[in-house]
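Heads up: the structure comes next, in structure tokens.
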Amino acid sequence: MVVFKLPRDNSTDYIKRLVGLPGDRIQVRHGVLYINDQECKRQRIDDFIHHSRFGDVERIPQYLETMPTGVQYHVLDIRANGDLDDTDVYTVPPDTFS
């Protein structure tokens, strides 16, 4: 996990997971994460239940995702933008993280 602040917004903490190191190839195919052409296996688990401040209830598909290293994360499949379900291959540049 990585926690950071954007230079233009020093009051908000951004929390993200780190999936790629320099030289790694990252891609999403049909909503599934691939690292160096290795699929991160996903197992469907109970839905995440989101309660809005207006009282609405939304069920969001939740998965247990296993990285090639064996580390596991709970991930939500929010398909707000279908364009993100398939991406080009992104190679992490030297001296950066993704």
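Naming works like this for the structure tokens: A, B, ... for the chains as they're shown, residue 1 at the start of each chain, ligands 1 onward in shown order.
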Would you kindly return, as a JSON list (two decimals) with C-alpha atoms, in the first residue's frame, each protein, DNA or RNA residue with an atom no farther than 12 Å from any atom of region 92-98 of chain A, considering only C-alpha atoms and excluding same-chain residues fewer than 6 positions away?
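That gives us around18.json:
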```json
[["chain", "number", "residue", "atom", "x", "y", "z"],
["A", 1, "MET", "CA", 0.00, 0.00, 0.00],
["A", 2, "VAL", "CA", 1.16, 3.49, -0.81],
["A", 16, "LYS", "CA", -3.44, 3.02, -3.39],
["A", 17, "ARG", "CA", -1.99, -0.43, -3.82],
["A", 18, "LEU", "CA", 1.31, -0.89, -5.60],
["A", 19, "VAL", "CA", 1.12, -3.50, -8.37],
["A", 20, "GLY", "CA", 4.16, -2.77, -10.54],
["A", 21, "LEU", "CA", 7.85, -2.02, -10.16],
["A", 22, "PRO", "CA", 10.25, -0.56, -12.74],
["A", 23, "GLY", "CA", 10.25, -2.71, -15.88],
["A", 24, "ASP", "CA", 7.00, -4.54, -15.05],
["A", 25, "ARG", "CA", 4.30, -4.74, -17.72],
["A", 26, "ILE", "CA", 0.81, -3.97, -16.40],
["A", 27, "GLN", "CA", -2.43, -4.57, -18.29],
["A", 35, "ILE", "CA", 1.40, -8.34, -14.35],
["A", 36, "ASN", "CA", 4.15, -9.41, -16.77]]
```
### Those of chain A in DSSP helix (DSSP H, G or I), formatted as a PyMOL selection string
chain A and resi 82-85
Store the residues picked out above, limited to N, CA and C atoms, as a short mmCIF file (atom, residue, chain, number, x, y, z; two decimals), in the first residue's frame.
```
data_model
loop_
_atom_site.label_atom_id
_atom_site.label_comp_id
_atom_site.auth_asym_id
_atom_site.auth_seq_id
_atom_site.Cartn_x
_atom_site.Cartn_y
_atom_site.Cartn_z
N GLY A 82 -16.55 1.24 -18.66
CA GLY A 82 -16.15 0.01 -19.32
C GLY A 82 -14.84 0.11 -20.06
N ASP A 83 -14.40 1.34 -20.39
CA ASP A 83 -13.13 1.52 -21.09
C ASP A 83 -11.96 1.03 -20.24
N LEU A 84 -12.14 0.98 -18.92
CA LEU A 84 -11.04 0.57 -18.04
C LEU A 84 -10.93 -0.94 -17.92
N ASP A 85 -11.88 -1.68 -18.49
CA ASP A 85 -11.84 -3.14 -18.40
C ASP A 85 -10.82 -3.75 -19.35
#
```
_Using only C-alpha atoms, which protein or nucleic acid residues come within 8 Å of region 64-71 of chain A? Drop anything in the same chain fewer than 5 positions from it, and give the result as a PyMOL selection string._
chain A and resi 35+38-45
How would the residues just chosen look if you wrote them out with C-alpha atoms as a PDB file, in the first residue's frame?
```pdb
ATOM      1  CA  ILE A  35       1.399  -8.342 -14.352  1.00  0.00           C
ATOM      2  CA  GLN A  38       0.597 -13.363 -15.465  1.00  0.00           C
ATOM      3  CA  GLU A  39      -3.087 -13.254 -14.581  1.00  0.00           C
ATOM      4  CA  CYS A  40      -3.936 -12.147 -11.053  1.00  0.00           C
ATOM      5  CA  LYS A  41      -6.485 -14.825 -10.173  1.00  0.00           C
ATOM      6  CA  ARG A  42      -9.846 -13.600  -8.868  1.00  0.00           C
ATOM      7  CA  GLN A  43     -12.335 -15.524  -6.753  1.00  0.00           C
ATOM      8  CA  ARG A  44     -15.843 -14.087  -6.319  1.00  0.00           C
ATOM      9  CA  ILE A  45     -16.764 -13.564  -2.671  1.00  0.00           C
TER      10      ILE A  45
END
```
Item to complete: Return as a PyMOL selection string the full set of residues in chain A whose backbone-based DSSP assignment is strand (DSSP E or B).
Response: chain A and resi 2-6+9-16+25-29+32-35+38-39+41-51+57-66+72-76+90-91
Write a file of the selected residues as a compact mmCIF listing (two decimals), in the first residue's frame, keeping N, CA and C atoms.
```txt
# COMPACT_ATOMS: atom_id res chain seq x y z
N VAL A 2 0.43 2.24 -0.71
CA VAL A 2 1.16 3.49 -0.81
C VAL A 2 0.21 4.61 -0.40
N VAL A 3 0.68 5.49 0.47
CA VAL A 3 -0.10 6.65 0.89
C VAL A 3 0.68 7.90 0.45
N PHE A 4 -0.02 8.83 -0.21
CA PHE A 4 0.65 10.03 -0.69
C PHE A 4 -0.32 11.19 -0.74
N LYS A 5 0.23 12.38 -0.90
CA LYS A 5 -0.55 13.60 -1.10
C LYS A 5 -0.13 14.20 -2.42
N LEU A 6 -1.08 14.74 -3.15
CA LEU A 6 -0.74 15.45 -4.38
C LEU A 6 -0.19 16.82 -4.02
N ASP A 9 -2.80 19.39 -3.57
CA ASP A 9 -3.82 19.13 -2.55
C ASP A 9 -3.14 18.45 -1.36
N ASN A 10 -2.52 19.24 -0.51
CA ASN A 10 -1.75 18.70 0.61
C ASN A 10 -2.64 18.28 1.79
N SER A 11 -3.96 18.37 1.64
CA SER A 11 -4.84 18.03 2.76
C SER A 11 -5.50 16.66 2.62
N THR A 12 -5.39 16.03 1.46
CA THR A 12 -6.06 14.75 1.23
C THR A 12 -5.03 13.63 1.12
N ASP A 13 -5.23 12.54 1.88
CA ASP A 13 -4.38 11.36 1.76
C ASP A 13 -4.96 10.45 0.68
N TYR A 14 -4.15 10.05 -0.26
CA TYR A 14 -4.53 9.10 -1.29
C TYR A 14 -3.92 7.76 -0.92
N ILE A 15 -4.71 6.71 -0.90
CA ILE A 15 -4.25 5.38 -0.53
C ILE A 15 -4.47 4.46 -1.73
N LYS A 16 -3.39 3.89 -2.20
CA LYS A 16 -3.44 3.02 -3.39
C LYS A 16 -2.61 1.77 -3.12
N ARG A 25 5.33 -5.03 -16.73
CA ARG A 25 4.30 -4.74 -17.72
C ARG A 25 2.94 -4.97 -17.08
N ILE A 26 2.11 -3.94 -17.06
CA ILE A 26 0.81 -3.97 -16.40
C ILE A 26 -0.27 -3.84 -17.47
N GLN A 27 -1.32 -4.65 -17.34
CA GLN A 27 -2.43 -4.57 -18.29
C GLN A 27 -3.70 -5.08 -17.61
N VAL A 28 -4.84 -4.56 -18.03
CA VAL A 28 -6.14 -5.08 -17.61
C VAL A 28 -6.82 -5.64 -18.85
N ARG A 29 -7.24 -6.91 -18.76
CA ARG A 29 -7.94 -7.59 -19.86
C ARG A 29 -9.27 -8.11 -19.33
N VAL A 32 -9.60 -8.03 -15.66
CA VAL A 32 -8.66 -8.81 -14.85
C VAL A 32 -7.26 -8.22 -15.00
N LEU A 33 -6.58 -8.03 -13.87
CA LEU A 33 -5.23 -7.47 -13.85
C LEU A 33 -4.21 -8.52 -14.25
N TYR A 34 -3.28 -8.12 -15.14
CA TYR A 34 -2.15 -8.96 -15.53
C TYR A 34 -0.87 -8.20 -15.22
N ILE A 35 0.09 -8.91 -14.63
CA ILE A 35 1.40 -8.34 -14.35
C ILE A 35 2.42 -9.23 -15.04
N GLN A 38 1.14 -12.39 -16.41
CA GLN A 38 0.60 -13.36 -15.46
C GLN A 38 -0.72 -12.83 -14.92
N GLU A 39 -1.76 -13.64 -15.07
CA GLU A 39 -3.09 -13.25 -14.58
C GLU A 39 -3.11 -13.24 -13.06
N LYS A 41 -5.27 -14.02 -10.32
CA LYS A 41 -6.49 -14.83 -10.17
C LYS A 41 -7.49 -14.11 -9.28
N ARG A 42 -8.78 -14.22 -9.65
CA ARG A 42 -9.85 -13.60 -8.87
C ARG A 42 -10.87 -14.66 -8.50
N GLN A 43 -11.29 -14.63 -7.24
CA GLN A 43 -12.33 -15.52 -6.75
C GLN A 43 -13.47 -14.66 -6.23
N ARG A 44 -14.68 -14.87 -6.74
CA ARG A 44 -15.84 -14.09 -6.32
C ARG A 44 -16.18 -14.44 -4.87
N ILE A 45 -16.35 -13.40 -4.06
CA ILE A 45 -16.76 -13.56 -2.67
C ILE A 45 -18.02 -12.73 -2.46
N ASP A 46 -18.47 -12.61 -1.22
CA ASP A 46 -19.70 -11.85 -0.95
C ASP A 46 -19.64 -10.44 -1.50
N ASP A 47 -20.77 -9.95 -1.97
CA ASP A 47 -20.85 -8.58 -2.46
C ASP A 47 -20.52 -7.59 -1.35
N PHE A 48 -19.93 -6.48 -1.75
CA PHE A 48 -19.73 -5.36 -0.85
C PHE A 48 -21.03 -4.57 -0.84
N ILE A 49 -21.54 -4.25 0.33
CA ILE A 49 -22.79 -3.51 0.44
C ILE A 49 -22.48 -2.05 0.76
N HIS A 50 -22.86 -1.18 -0.17
CA HIS A 50 -22.62 0.26 0.01
C HIS A 50 -23.93 0.94 0.38
N HIS A 51 -23.92 1.68 1.48
CA HIS A 51 -25.08 2.45 1.92
C HIS A 51 -24.79 3.93 1.65
N VAL A 57 -29.10 1.46 -1.09
CA VAL A 57 -28.20 0.33 -0.88
C VAL A 57 -27.77 -0.19 -2.24
N GLU A 58 -26.46 -0.35 -2.41
CA GLU A 58 -25.93 -0.86 -3.67
C GLU A 58 -25.04 -2.07 -3.37
N ARG A 59 -25.26 -3.14 -4.13
CA ARG A 59 -24.43 -4.35 -4.01
C ARG A 59 -23.36 -4.28 -5.10
N ILE A 60 -22.11 -4.33 -4.69
CA ILE A 60 -20.99 -4.23 -5.63
C ILE A 60 -20.24 -5.56 -5.62
N PRO A 61 -20.05 -6.18 -6.80
CA PRO A 61 -19.31 -7.45 -6.84
C PRO A 61 -17.92 -7.30 -6.21
N GLN A 62 -17.59 -8.25 -5.35
CA GLN A 62 -16.31 -8.22 -4.64
C GLN A 62 -15.56 -9.52 -4.93
N TYR A 63 -14.24 -9.40 -5.09
CA TYR A 63 -13.39 -10.54 -5.41
C TYR A 63 -12.20 -10.58 -4.47
N LEU A 64 -11.67 -11.78 -4.26
CA LEU A 64 -10.39 -11.95 -3.61
C LEU A 64 -9.39 -12.15 -4.75
N GLU A 65 -8.50 -11.17 -4.92
CA GLU A 65 -7.54 -11.18 -6.02
C GLU A 65 -6.18 -11.63 -5.48
N THR A 66 -5.56 -12.57 -6.18
CA THR A 66 -4.26 -13.09 -5.76
C THR A 66 -3.20 -12.65 -6.76
N GLN A 72 -2.76 -11.32 -1.35
CA GLN A 72 -4.17 -11.24 -1.72
C GLN A 72 -4.78 -9.92 -1.28
N TYR A 73 -5.72 -9.44 -2.09
CA TYR A 73 -6.45 -8.21 -1.81
C TYR A 73 -7.93 -8.44 -2.09
N HIS A 74 -8.77 -7.75 -1.35
CA HIS A 74 -10.19 -7.69 -1.69
C HIS A 74 -10.33 -6.54 -2.67
N VAL A 75 -10.96 -6.79 -3.82
CA VAL A 75 -11.16 -5.75 -4.83
C VAL A 75 -12.63 -5.71 -5.22
N LEU A 76 -13.08 -4.51 -5.56
CA LEU A 76 -14.45 -4.30 -6.00
C LEU A 76 -14.46 -4.15 -7.51
N TYR A 90 1.09 -1.32 -20.15
CA TYR A 90 1.84 -0.19 -19.61
C TYR A 90 3.11 -0.74 -18.98
N THR A 91 4.27 -0.27 -19.44
CA THR A 91 5.54 -0.67 -18.85
C THR A 91 5.95 0.40 -17.84
```
